[in-house]
Amino acid sequence: MKLEKKDILGMQDLSVDEINLILETAESFLEISTREIKKVPTLRGKTIINLFFEASTRTRTSFEIAGKRLSADTINISSSTSSVVKGETLIDTARNLEAMNPDVIVIRHSAAGAPHLLSSLVKQSIINAGDGAHEHPTQALLDMMTIKEKKGRISGLKIAIAGDIAHSRVARSNIYGLTKMGAEIVVAGPATMLPRNIEQMGVKVFNNLDDAITGADVVMMLRIQLERQKQSVFPSLREYSQHYCLNRHNIKLAKNDVIVMHPGPINRGVEISPDIADDPSCSVILNQVNNGVAVRMALLYLLIGGHE
């Protein structure tokens with residue numbers, strides 16, 4: 001099967017077969033990261049532009065490494081070094097980049113829908129690396145890969161996602177993707193951090209963290225998205241951590257073989273205690289980072305190299 005898509009804009013657009021294809025391809029790329037020379041000539045002669053208008057460590061670096069390990073020419077552009085600071089619009093930026101004939105444009109932007117706008121304007125493949133509080137499809141795919149790697153399956157698992165659900169593009173993409181793959185999703189957070197009518201996405205909703213993680217196979221903790229909150233939605237970080245921090249006490253409510261995930265960056269002691277974040281018996285946070293490179297390699301290959 002081929003990935004018959006020009007762009008990767010969101011999990012909502014991907015079928016189960018397409019998700020499986022991406023995950024299987026990513027698994028085949030994992031081995032490259034263990035080699036002494038971590039490079040293959042698969043995308044030699046291809047050009048990838050990483051266009052990041054928001055701060056990023058894991059996603060931006062992961063895309064850069066993915067492109068370079070496939071021997072593509074990779075160019076990184078941030079908002080501070082682009083002509084956006086001179087008043088150029090995103091549309092003009094995209095059209096000027098298109099004129100340089102790259103093969104893929106990876107974009108992260110604070111405005112929901114920015115990748116969709118670009119995909120309608122340029123002929124190159126667009127990969128959404130996060131758009132506002134809308135979606136973050138590559139994060140969801142690497143999360144799925146990690147769950148499948150550790151649990152052997154996704155279907156039938158109880159997966160609890162807790163924290164700032166309302167402002168989290170990671171939560172939204174994971175809900176779309178994991179429900180398609182047959183998982184039972186429960187979400188937890190203060191009422192002020194839960195989207196209105198989120199039940200319509202097919203999830204169970206709790207305001208109490210303990211209730212949500214009871215019997216869970218997977219617990220995914222989320223960072224408070226202070227940069228997206230227009231006003232304070234909780235009294236204090238101390239009070240939030242008292243009710244919504246995953247720690248040694250409440251993790252006992254989950255299954256004995258529970259795995260703990262976090263998309264990063266972690267606010268230690270706020271949404272997750274340091275001893276849980278660093279516990280190799282349950283934490284798979286660094287596995288997620290490693291799998292992120294393989295997933296992004298797979299997407300680049302399937303979009304601009306997989307048909308050859």
# chains A, B, ... in the order shown; residues from 1 in each chain; ligands from 1

$ select_by_dssp --residues "stretch 79-136 of chain A" --states "strand (DSSP E)" --output "VMD selection string"
chain A and resid 104 to 109 125 to 131

$ residues_around --residues "A:Pro280" --least-positions-apart "5" --cutoff "10 Å" --atoms "only C-alpha atoms" --output "list of chain:residue names"
A:Ile259, A:Val260, A:Asp275, A:Ile285, A:Leu286

$ residues_around --residues "A:Lys252" --least-positions-apart "4" --cutoff "10 Å" --atoms "only C-alpha atoms" --output "VMD selection string"
chain A and resid 210 213 to 215 247 to 248 256 258

$ residues_around --residues "A:Glu24" --least-positions-apart "2" --cutoff "12 Å" --atoms "only C-alpha atoms" --output "ChimeraX atom specification"
/A:1,17-22,26-30,141-142,144-145,148-149,291,294-295,297-299,302

$ atom_distance --atom1 "atom CA of A:Ser281" --atom2 "atom CA of A:Met261"
12.2 Å

$ residues_around --residues "stretch 88-95 of chain A" --least-positions-apart "4" --cutoff "12 Å" --atoms "only C-alpha atoms" --output "ChimeraX atom specification"
/A:49-53,77-79,82-84,99-102,104-111,113-126

$ write_last_selection --atoms "N, CA, C and O atoms" --output "short mmCIF file (atom, residue, chain, number, x, y, z; two decimals), in the first residue's frame"
data_model
loop_
_atom_site.label_atom_id
_atom_site.label_comp_id
_atom_site.auth_asym_id
_atom_site.auth_seq_id
_atom_site.Cartn_x
_atom_site.Cartn_y
_atom_site.Cartn_z
N ILE A 49 12.23 21.78 4.06
CA ILE A 49 12.29 23.04 4.80
C ILE A 49 11.47 22.90 6.07
O ILE A 49 10.28 22.56 6.03
N ASN A 50 12.12 23.12 7.21
CA ASN A 50 11.44 23.14 8.50
C ASN A 50 11.14 24.59 8.86
O ASN A 50 12.05 25.37 9.15
N LEU A 51 9.86 24.94 8.81
CA LEU A 51 9.42 26.33 9.02
C LEU A 51 8.71 26.41 10.37
O LEU A 51 7.54 26.06 10.50
N PHE A 52 9.44 26.87 11.38
CA PHE A 52 8.92 26.85 12.75
C PHE A 52 8.68 28.27 13.27
O PHE A 52 9.64 29.03 13.46
N PHE A 53 7.40 28.58 13.50
CA PHE A 53 7.02 29.88 14.03
C PHE A 53 6.75 29.82 15.52
O PHE A 53 6.31 30.81 16.12
N ILE A 77 14.15 27.15 9.31
CA ILE A 77 13.80 28.58 9.35
C ILE A 77 12.92 28.81 10.57
O ILE A 77 11.91 28.12 10.76
N SER A 78 13.27 29.78 11.39
CA SER A 78 12.44 30.17 12.53
C SER A 78 11.86 31.55 12.26
O SER A 78 12.34 32.28 11.40
N SER A 79 10.83 31.90 13.00
CA SER A 79 10.17 33.19 12.78
C SER A 79 11.15 34.35 13.01
O SER A 79 11.11 35.36 12.30
N SER A 82 13.26 34.88 9.86
CA SER A 82 12.56 34.97 8.59
C SER A 82 12.08 36.39 8.34
O SER A 82 12.15 37.25 9.21
N SER A 83 11.55 36.61 7.14
CA SER A 83 11.06 37.95 6.80
C SER A 83 9.72 38.28 7.45
O SER A 83 9.20 39.38 7.25
N VAL A 84 9.19 37.34 8.23
CA VAL A 84 7.97 37.63 8.98
C VAL A 84 8.21 38.80 9.93
O VAL A 84 7.31 39.63 10.16
N ALA A 99 8.74 28.81 -4.71
CA ALA A 99 9.51 29.19 -5.90
C ALA A 99 10.92 28.61 -5.89
O ALA A 99 11.57 28.52 -6.93
N MET A 100 11.39 28.21 -4.70
CA MET A 100 12.72 27.61 -4.60
C MET A 100 12.69 26.09 -4.82
O MET A 100 13.73 25.43 -4.75
N ASN A 101 11.49 25.55 -5.03
CA ASN A 101 11.30 24.14 -5.37
C ASN A 101 11.81 23.13 -4.34
O ASN A 101 12.52 22.17 -4.69
N PRO A 102 11.43 23.29 -3.07
CA PRO A 102 11.72 22.22 -2.11
C PRO A 102 10.75 21.06 -2.35
O PRO A 102 9.84 21.17 -3.19
N VAL A 104 9.38 19.15 0.51
CA VAL A 104 8.49 19.11 1.67
C VAL A 104 8.67 20.37 2.48
O VAL A 104 9.80 20.85 2.65
N ILE A 105 7.56 20.92 2.99
CA ILE A 105 7.62 22.01 3.97
C ILE A 105 6.97 21.51 5.25
O ILE A 105 5.80 21.12 5.26
N VAL A 106 7.76 21.48 6.32
CA VAL A 106 7.24 21.13 7.65
C VAL A 106 6.96 22.43 8.37
O VAL A 106 7.84 23.30 8.46
N ILE A 107 5.75 22.60 8.88
CA ILE A 107 5.41 23.89 9.52
C ILE A 107 4.82 23.70 10.90
O ILE A 107 3.97 22.83 11.12
N ARG A 108 5.29 24.52 11.82
CA ARG A 108 4.66 24.68 13.14
C ARG A 108 4.26 26.14 13.27
O ARG A 108 5.07 27.04 13.00
N HIS A 109 3.01 26.36 13.67
CA HIS A 109 2.50 27.73 13.72
C HIS A 109 1.48 27.85 14.85
O HIS A 109 0.77 26.88 15.18
N SER A 110 1.39 29.02 15.43
CA SER A 110 0.47 29.25 16.55
C SER A 110 -0.98 29.34 16.10
O SER A 110 -1.89 29.22 16.92
N ALA A 111 -1.21 29.55 14.81
CA ALA A 111 -2.57 29.69 14.30
C ALA A 111 -3.11 28.34 13.82
O ALA A 111 -2.49 27.69 12.97
N GLY A 113 -4.91 25.83 11.66
CA GLY A 113 -5.26 25.85 10.25
C GLY A 113 -4.16 26.37 9.34
O GLY A 113 -4.31 26.32 8.11
N ALA A 114 -3.05 26.84 9.89
CA ALA A 114 -1.97 27.38 9.05
C ALA A 114 -1.43 26.33 8.06
O ALA A 114 -1.24 26.65 6.88
N PRO A 115 -1.20 25.07 8.48
CA PRO A 115 -0.73 24.07 7.51
C PRO A 115 -1.76 23.80 6.41
O PRO A 115 -1.39 23.56 5.25
N HIS A 116 -3.03 23.84 6.76
CA HIS A 116 -4.09 23.60 5.77
C HIS A 116 -4.10 24.72 4.73
O HIS A 116 -4.31 24.48 3.54
N LEU A 117 -3.88 25.95 5.19
CA LEU A 117 -3.81 27.08 4.27
C LEU A 117 -2.65 26.90 3.29
O LEU A 117 -2.83 27.05 2.07
N LEU A 118 -1.48 26.53 3.81
CA LEU A 118 -0.32 26.33 2.95
C LEU A 118 -0.55 25.21 1.95
O LEU A 118 -0.16 25.32 0.78
N SER A 119 -1.18 24.13 2.40
CA SER A 119 -1.39 22.98 1.51
C SER A 119 -2.27 23.33 0.32
O SER A 119 -2.16 22.73 -0.75
N SER A 120 -3.14 24.33 0.51
CA SER A 120 -4.03 24.75 -0.58
C SER A 120 -3.35 25.72 -1.53
O SER A 120 -3.88 26.01 -2.61
N LEU A 121 -2.18 26.24 -1.14
CA LEU A 121 -1.52 27.27 -1.93
C LEU A 121 -0.28 26.79 -2.67
O LEU A 121 0.08 27.34 -3.71
N VAL A 122 0.40 25.78 -2.12
CA VAL A 122 1.67 25.35 -2.72
C VAL A 122 1.58 23.90 -3.19
O VAL A 122 0.78 23.12 -2.68
N LYS A 123 2.42 23.56 -4.15
CA LYS A 123 2.39 22.21 -4.72
C LYS A 123 3.18 21.21 -3.88
O LYS A 123 3.01 20.01 -4.01
N GLN A 124 4.06 21.70 -3.00
CA GLN A 124 4.87 20.81 -2.18
C GLN A 124 4.03 20.12 -1.10
O GLN A 124 2.96 20.60 -0.71
N SER A 125 4.54 19.00 -0.62
CA SER A 125 3.90 18.32 0.50
C SER A 125 4.08 19.15 1.77
O SER A 125 5.15 19.70 2.02
N ILE A 126 3.02 19.23 2.56
CA ILE A 126 3.03 19.97 3.83
C ILE A 126 2.86 18.96 4.96
O ILE A 126 1.96 18.12 4.92
#

$ residues_around --residues "A:Ile175" --least-positions-apart "5" --cutoff "10 Å" --atoms "only C-alpha atoms" --output "CSV table (one decimal) with all heavy atoms, in the first residue's frame"
chain,number,residue,atom,x,y,z
A,11,MET,N,-4.5,13.8,12.3
A,11,MET,CA,-5.0,12.4,12.5
A,11,MET,C,-6.4,12.2,12.0
A,11,MET,O,-6.8,11.1,11.6
A,11,MET,CB,-4.8,12.0,14.0
A,11,MET,CG,-3.4,12.0,14.5
A,11,MET,SD,-2.3,11.0,13.5
A,11,MET,CE,-3.0,9.4,13.7
A,12,GLN,N,-7.2,13.3,12.0
A,12,GLN,CA,-8.6,13.2,11.6
A,12,GLN,C,-8.7,12.8,10.1
A,12,GLN,O,-9.6,12.1,9.7
A,12,GLN,CB,-9.3,14.5,11.8
A,12,GLN,CG,-10.8,14.4,11.9
A,12,GLN,CD,-11.4,15.7,12.4
A,12,GLN,OE1,-10.8,16.8,12.4
A,12,GLN,NE2,-12.7,15.7,12.8
A,140,ALA,N,1.1,12.3,17.8
A,140,ALA,CA,0.2,11.2,18.0
A,140,ALA,C,0.7,9.9,17.4
A,140,ALA,O,0.6,8.8,18.0
A,140,ALA,CB,-1.2,11.5,17.4
A,159,ILE,N,-6.7,4.0,27.9
A,159,ILE,CA,-5.6,5.1,27.8
A,159,ILE,C,-6.2,6.3,28.5
A,159,ILE,O,-7.2,6.9,28.0
A,159,ILE,CB,-5.2,5.3,26.4
A,159,ILE,CG1,-4.6,4.1,25.8
A,159,ILE,CG2,-4.2,6.5,26.4
A,159,ILE,CD1,-4.2,4.2,24.3
A,161,ILE,N,-5.7,10.3,29.4
A,161,ILE,CA,-5.0,11.5,29.0
A,161,ILE,C,-5.4,12.6,30.0
A,161,ILE,O,-6.6,12.8,30.1
A,161,ILE,CB,-5.3,11.9,27.6
A,161,ILE,CG1,-5.1,10.8,26.6
A,161,ILE,CG2,-4.6,13.2,27.2
A,161,ILE,CD1,-5.5,11.1,25.2
A,169,ARG,N,-3.0,20.3,21.5
A,169,ARG,CA,-3.1,19.7,20.2
A,169,ARG,C,-2.7,18.3,20.2
A,169,ARG,O,-3.2,17.4,19.4
A,169,ARG,CB,-2.3,20.5,19.2
A,169,ARG,CG,-0.8,20.7,19.6
A,169,ARG,CD,-0.2,21.8,18.7
A,169,ARG,NE,1.2,22.1,19.1
A,169,ARG,CZ,1.8,23.2,18.9
A,169,ARG,NH1,1.1,24.2,18.2
A,169,ARG,NH2,3.0,23.5,19.2
A,170,VAL,N,-1.8,17.9,21.2
A,170,VAL,CA,-1.4,16.5,21.4
A,170,VAL,C,-2.6,15.7,21.8
A,170,VAL,O,-2.8,14.6,21.3
A,170,VAL,CB,-0.3,16.4,22.4
A,170,VAL,CG1,0.0,14.9,22.7
A,170,VAL,CG2,1.0,17.1,21.9
A,180,LYS,N,-9.6,5.6,16.7
A,180,LYS,CA,-9.7,4.9,15.4
A,180,LYS,C,-9.1,3.5,15.5
A,180,LYS,O,-9.5,2.6,14.8
A,180,LYS,CB,-9.0,5.7,14.3
A,180,LYS,CG,-9.7,6.9,13.7
A,180,LYS,CD,-9.0,7.6,12.6
A,180,LYS,CE,-9.7,8.8,12.1
A,180,LYS,NZ,-9.0,9.5,11.0
A,181,MET,N,-8.0,3.4,16.3
A,181,MET,CA,-7.3,2.2,16.5
A,181,MET,C,-7.9,1.3,17.5
A,181,MET,O,-7.3,0.2,17.8
A,181,MET,CB,-5.8,2.5,16.8
A,181,MET,CG,-5.1,3.3,15.8
A,181,MET,SD,-5.1,2.6,14.1
A,181,MET,CE,-3.8,1.3,14.4
A,183,ALA,N,-8.8,1.9,20.9
A,183,ALA,CA,-8.5,2.1,22.3
A,183,ALA,C,-9.7,2.8,23.0
A,183,ALA,O,-10.5,3.5,22.3
A,183,ALA,CB,-7.3,2.9,22.5
A,184,GLU,N,-9.8,2.6,24.3
A,184,GLU,CA,-10.8,3.3,25.1
A,184,GLU,C,-10.1,4.5,25.7
A,184,GLU,O,-9.1,4.3,26.4
A,184,GLU,CB,-11.3,2.4,26.2
A,184,GLU,CG,-12.3,3.1,27.2
A,184,GLU,CD,-12.5,2.3,28.5
A,184,GLU,OE1,-12.0,1.2,28.6
A,184,GLU,OE2,-13.1,2.9,29.4
A,185,ILE,N,-10.6,5.7,25.4
A,185,ILE,CA,-9.9,6.9,25.9
A,185,ILE,C,-10.7,7.6,27.0
A,185,ILE,O,-11.9,7.8,26.9
A,185,ILE,CB,-9.7,7.9,24.7
A,185,ILE,CG1,-9.1,7.2,23.5
A,185,ILE,CG2,-8.9,9.1,25.2
A,185,ILE,CD1,-7.7,6.7,23.8
A,186,VAL,N,-10.0,7.9,28.1
A,186,VAL,CA,-10.7,8.7,29.2
A,186,VAL,C,-9.8,9.9,29.3
A,186,VAL,O,-8.6,9.9,29.2
A,186,VAL,CB,-10.8,7.9,30.5
A,186,VAL,CG1,-11.6,6.7,30.3
A,186,VAL,CG2,-9.4,7.5,31.0
A,187,VAL,N,-10.4,11.0,29.6
A,187,VAL,CA,-9.6,12.3,29.8
A,187,VAL,C,-10.0,12.8,31.2
A,187,VAL,O,-11.1,12.6,31.7
A,187,VAL,CB,-9.9,13.3,28.7
A,187,VAL,CG1,-9.5,12.8,27.4
A,187,VAL,CG2,-11.4,13.7,28.7
A,201,MET,N,-16.4,13.5,21.1
A,201,MET,CA,-15.2,12.9,20.5
A,201,MET,C,-15.0,11.4,20.8
A,201,MET,O,-14.1,10.7,20.4
A,201,MET,CB,-13.9,13.6,20.8
A,201,MET,CG,-13.9,15.1,20.4
A,201,MET,SD,-12.4,16.0,20.8
A,201,MET,CE,-11.2,15.2,19.7
A,202,GLY,N,-16.0,10.9,21.6
A,202,GLY,CA,-16.0,9.5,21.9
A,202,GLY,C,-15.2,9.1,23.2
A,202,GLY,O,-14.7,8.0,23.3
A,203,VAL,N,-15.0,10.1,24.1
A,203,VAL,CA,-14.2,9.8,25.3
A,203,VAL,C,-15.0,9.9,26.5
A,203,VAL,O,-16.1,10.5,26.5
A,203,VAL,CB,-13.0,10.8,25.4
A,203,VAL,CG1,-12.1,10.7,24.1
A,203,VAL,CG2,-13.5,12.2,25.6

$ select_by_dssp --residues "stretch 51-192 of chain A" --states "helix (DSSP H, G or I)" --output "VMD selection string"
chain A and resid 58 to 69 79 to 81 83 to 86 90 to 99 114 to 121 137 to 151 169 to 180 191 to 192

$ residues_around --residues "A:Val40" --least-positions-apart "2" --cutoff "7 Å" --atoms "only C-alpha atoms" --output "list in words"
Thr42, Arg69, Leu70 and Ser71 of chain A

$ atom_distance --atom1 "atom CA of A:Lys46" --atom2 "atom CA of A:Ser15"
26.8 Å

$ atom_distance --atom1 "atom CA of A:Val289" --atom2 "atom CA of A:Arg58"
7.1 Å

$ closest_residue --among "A:Leu303, A:Ala72, A:Leu246, A:Ile48" --to "A:Val219" --atoms "only C-alpha atoms"
A:Leu246

$ closest_residue --among "A:Ser273, A:Thr192, A:Thr138, A:Ser173" --to "A:Leu23" --atoms "only C-alpha atoms"
A:Thr138

$ closest_residue --among "A:Gly10, A:Pro263, A:Pro195, A:Gly163" --to "A:Asn290" --atoms "only C-alpha atoms"
A:Pro263

$ closest_residue --among "A:Ala55, A:Ala254, A:Ala191, A:Ala112" --to "A:Leu9" --atoms "only C-alpha atoms"
A:Ala112
